[in-house]
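See structure below.
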Amino acid sequence: MQINRNPFYPIQPEMISHSQFYLEYKPKQLLANEVALFYQFQTSELAPDHLPVIPDGCIDLLFCCDPVHPMAILATRPEHRCLYPFKQNCVYFGVRFLPEQTLLKLPCSIKELIQQQQTPLFDVLSEDTSLLEQIILLPCFSDRIRWFISYFQQKQQETSYDQNLIKFCINGIYATRGIIPVQQLAEESGYSCRYLQKKFEDYIGFSPKQFCQIVRLQHAVHELLHHHQQLSTVVDDGRFYDKAHFYKGFKKYMNCTPKQYLSAYQTSTFHMISGG
């Protein structure tokens, strides 16, 4: 199976708009097949201690850089838009791993972690607890990125056949923005739909059909918020049967209609560091 990586940049727009001093960096080399994004932000002293997150299929490592009460969390993305707890007036550094990542070796099923949403990092990963101290002591965002890239390069290992199968199928989903039928994935990979569903649930916690819907949702949200596309254009580009079908799928994952989401979303400027 030949795997040519297609870009997928999962977004969490409300995490940006509800926080302060947001920074992000998209790696283009080495870790680009594993890490979608490095990011950092500060929570407000006055804002609520919960931030809205939307489905993206990713796993995030989140480090609360409070020198008095530091914390490291492994956060999975929910099946539906919901609120995740954060400490007020704290700097958070995050590493967003792509759904097909192979660097994090987890001792339990992804589906179980998705139900828990946020889990203390050292409860599920056998990492040295000094990792948290190292992150806190570094003075700035760019230093934390460089340290993490160096740290994870030492962990890169050969992927298993099942992991390569997942990467192959997910790449097909990315290439079509989630529009590809699961039957086509089965035919192109040479495995049955049932077998693919089991492997997807084992490795990323969602069925192929669910993950296709999440990728379509991510693209729809991106088009609505950042390209200011009309709903009719998003419906056509996403190849939804009609507007009612798009609204139903959107509301299933976002717990609101596209118009309600657009009206509730508050835009915010943030600084993006170019990948290298």
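Convention: chains lettered A, B, ... in structure tokens order; per-chain residue numbering from 1; ligands numbered from 1 as shown.
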Contacts of Val91 in chain A at 6 Å (only C-alpha atoms; same-chain gap of 2+ positions) as a ChimeraX atom specification: /A:41-42,65
Output N, CA and C atoms for every residue in that selection, as a PDB file, in the first residue's frame.
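The resulting out.pdb:
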ATOM      1  N   PHE A  41      -1.797  28.979  24.477  1.00  0.00           N
ATOM      2  CA  PHE A  41      -2.732  30.063  24.763  1.00  0.00           C
ATOM      3  C   PHE A  41      -2.791  30.299  26.267  1.00  0.00           C
ATOM      4  N   GLN A  42      -3.417  31.381  26.639  1.00  0.00           N
ATOM      5  CA  GLN A  42      -3.628  31.688  28.052  1.00  0.00           C
ATOM      6  C   GLN A  42      -5.112  31.843  28.304  1.00  0.00           C
ATOM      7  N   CYS A  65       0.913  25.229  32.368  1.00  0.00           N
ATOM      8  CA  CYS A  65       2.234  25.719  32.785  1.00  0.00           C
ATOM      9  C   CYS A  65       2.187  26.586  34.027  1.00  0.00           C
TER      10      CYS A  65
END
Within 7 Å of Val95 in chain A using only C-alpha atoms, minus same-chain residues under 5 positions, as JSON, numbers by chain: {"A": [37, 38, 39, 60, 61, 62]}
Writer output for current selection, N, CA, C and O atoms, as a PDB file, in the first residue's frame:
ATOM      1  N   LEU A  37      -0.352  19.954  14.937  1.00  0.00           N
ATOM      2  CA  LEU A  37      -0.226  21.325  15.420  1.00  0.00           C
ATOM      3  C   LEU A  37       0.437  21.368  16.787  1.00  0.00           C
ATOM      4  O   LEU A  37       0.192  20.524  17.649  1.00  0.00           O
ATOM      5  N   PHE A  38       1.303  22.366  16.974  1.00  0.00           N
ATOM      6  CA  PHE A  38       1.717  22.815  18.292  1.00  0.00           C
ATOM      7  C   PHE A  38       0.979  24.127  18.555  1.00  0.00           C
ATOM      8  O   PHE A  38       0.872  24.961  17.649  1.00  0.00           O
ATOM      9  N   TYR A  39       0.497  24.324  19.766  1.00  0.00           N
ATOM     10  CA  TYR A  39      -0.225  25.569  20.041  1.00  0.00           C
ATOM     11  C   TYR A  39      -0.050  25.966  21.505  1.00  0.00           C
ATOM     12  O   TYR A  39       0.330  25.156  22.357  1.00  0.00           O
ATOM     13  N   ASP A  60      -4.743  15.170  21.978  1.00  0.00           N
ATOM     14  CA  ASP A  60      -3.899  16.299  22.368  1.00  0.00           C
ATOM     15  C   ASP A  60      -3.174  16.002  23.677  1.00  0.00           C
ATOM     16  O   ASP A  60      -3.768  15.439  24.605  1.00  0.00           O
ATOM     17  N   LEU A  61      -1.921  16.383  23.726  1.00  0.00           N
ATOM     18  CA  LEU A  61      -1.218  16.469  25.001  1.00  0.00           C
ATOM     19  C   LEU A  61      -1.293  17.921  25.432  1.00  0.00           C
ATOM     20  O   LEU A  61      -0.855  18.813  24.707  1.00  0.00           O
ATOM     21  N   LEU A  62      -1.850  18.164  26.602  1.00  0.00           N
ATOM     22  CA  LEU A  62      -2.034  19.518  27.111  1.00  0.00           C
ATOM     23  C   LEU A  62      -1.245  19.693  28.398  1.00  0.00           C
ATOM     24  O   LEU A  62      -1.367  18.884  29.327  1.00  0.00           O
TER      25      LEU A  62
END
All residues 10 Å or closer to range 102-107 of chain A, only C-alpha atoms, same chain fewer than 2 positions away omitted, as number ranges by chain: A: 31, 33-35, 59, 97-100, 109-110, 113, 123-126, 152-153, 155-160, 163-164, 167, 203
Distance in Å - CA of Asp49 in chain A versus CA of Gln20 in chain A: 13.2 Å
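The gap separating CA of Ser263 in chain A from CA of Gly178 in chain A is 25.7 Å, in Å to one decimal.
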Two-atom distance - CA of Gly57 in chain A, CA of Tyr195 in chain A (Å):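 For CA of Gly57 in chain A relative to CA of Tyr195 in chain A, the distance reads 19.5 Å.
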Residue contacts of range 133-144 of chain A (9 Å, only C-alpha atoms) excluding same-chain residues fewer than 5 positions away, as a count of residues only: 14
Nearby residues (only C-alpha atoms) at most 10 Å from Cys212 in chain A, same-chain spacing under 5 positions excluded, as a list in words: Ile170, Gly172, Ile173, Tyr174, Thr176, Arg177, Gly178, Ile179, Ile180, Pro181, Val182, Phe206, Ser207, Leu217 and Gln218 of chain A
DSSP-assigned helix (DSSP H, G or I) members of range 94-273 of chain A, reported as an MDAnalysis selection string: chainID A and resid 110:116 121:124 130:137 141:153 161:175 182:189 193:203 208:226 231:237 243:254 258:264
Those in range 8-257 of chain A with strand (DSSP E or B) from DSSP, as JSON, numbers by chain: {"A": [20, 21, 22, 23, 24, 25, 35, 36, 37, 38, 39, 40, 41, 42, 50, 51, 52, 53, 59, 60, 61, 62, 63, 64, 71, 72, 73, 74, 75, 76, 82, 83, 84, 85, 91, 92, 93, 94, 95, 96, 97, 118, 119, 120]}
Selected residue, from A:Glu45, A:Glu112, A:Asp162, A:Glu188, that lies nearest to Gly205 in chain A when counting only C-alpha atoms: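 For Gly205 in chain A, the nearest of the candidates is A:Glu112.
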So that I can see what lies close to Tyr84 in chain A, please list as a CSV table (one decimal) with N, CA, C and O atoms, in the first residue's frame the residues with an atom at most 9 Å from it, counting only C-alpha atoms and leaving out residues fewer than 4 positions away in the same chain.
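Result written to selection32.csv:
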chain,number,residue,atom,x,y,z
A,49,ASP,N,-14.3,28.8,33.2
A,49,ASP,CA,-13.2,27.8,33.2
A,49,ASP,C,-13.4,26.6,32.3
A,49,ASP,O,-12.8,25.5,32.6
A,50,HIS,N,-14.3,26.7,31.3
A,50,HIS,CA,-14.5,25.7,30.3
A,50,HIS,C,-14.4,26.3,28.9
A,50,HIS,O,-14.9,27.4,28.7
A,51,LEU,N,-13.8,25.5,28.0
A,51,LEU,CA,-13.7,26.0,26.6
A,51,LEU,C,-14.4,25.0,25.7
A,51,LEU,O,-14.3,23.8,25.9
A,52,PRO,N,-15.2,25.5,24.7
A,52,PRO,CA,-15.9,24.6,23.8
A,52,PRO,C,-14.9,23.9,22.8
A,52,PRO,O,-14.0,24.5,22.3
A,53,VAL,N,-15.0,22.6,22.6
A,53,VAL,CA,-14.3,21.8,21.7
A,53,VAL,C,-15.2,21.1,20.8
A,53,VAL,O,-16.3,20.7,21.2
A,117,GLN,N,-12.6,11.7,28.0
A,117,GLN,CA,-12.3,13.0,27.5
A,117,GLN,C,-10.9,13.5,27.9
A,117,GLN,O,-10.1,13.8,27.1
A,118,GLN,N,-10.7,13.7,29.2
A,118,GLN,CA,-9.4,14.2,29.7
A,118,GLN,C,-8.9,13.3,30.8
A,118,GLN,O,-9.6,13.0,31.7
Selection near Tyr265 in chain A, 8 Å with only C-alpha atoms, sequence-local residues under 4 positions removed, as a PyMOL selection string: chain A and resi 14+17+261
Could those residues be written to a file, using N, CA and C atoms, as a JSON list (two decimals), in the first residue's frame?
[["chain", "number", "residue", "atom", "x", "y", "z"],
["A", 14, "GLU", "N", -13.18, 27.66, 18.63],
["A", 14, "GLU", "CA", -13.62, 28.29, 19.87],
["A", 14, "GLU", "C", -12.53, 28.29, 20.94],
["A", 17, "SER", "N", -10.96, 31.58, 19.97],
["A", 17, "SER", "CA", -11.73, 32.79, 20.24],
["A", 17, "SER", "C", -12.02, 33.00, 21.72],
["A", 261, "TYR", "N", -24.39, 28.32, 15.24],
["A", 261, "TYR", "CA", -22.96, 28.27, 15.54],
["A", 261, "TYR", "C", -22.26, 29.53, 15.05]]
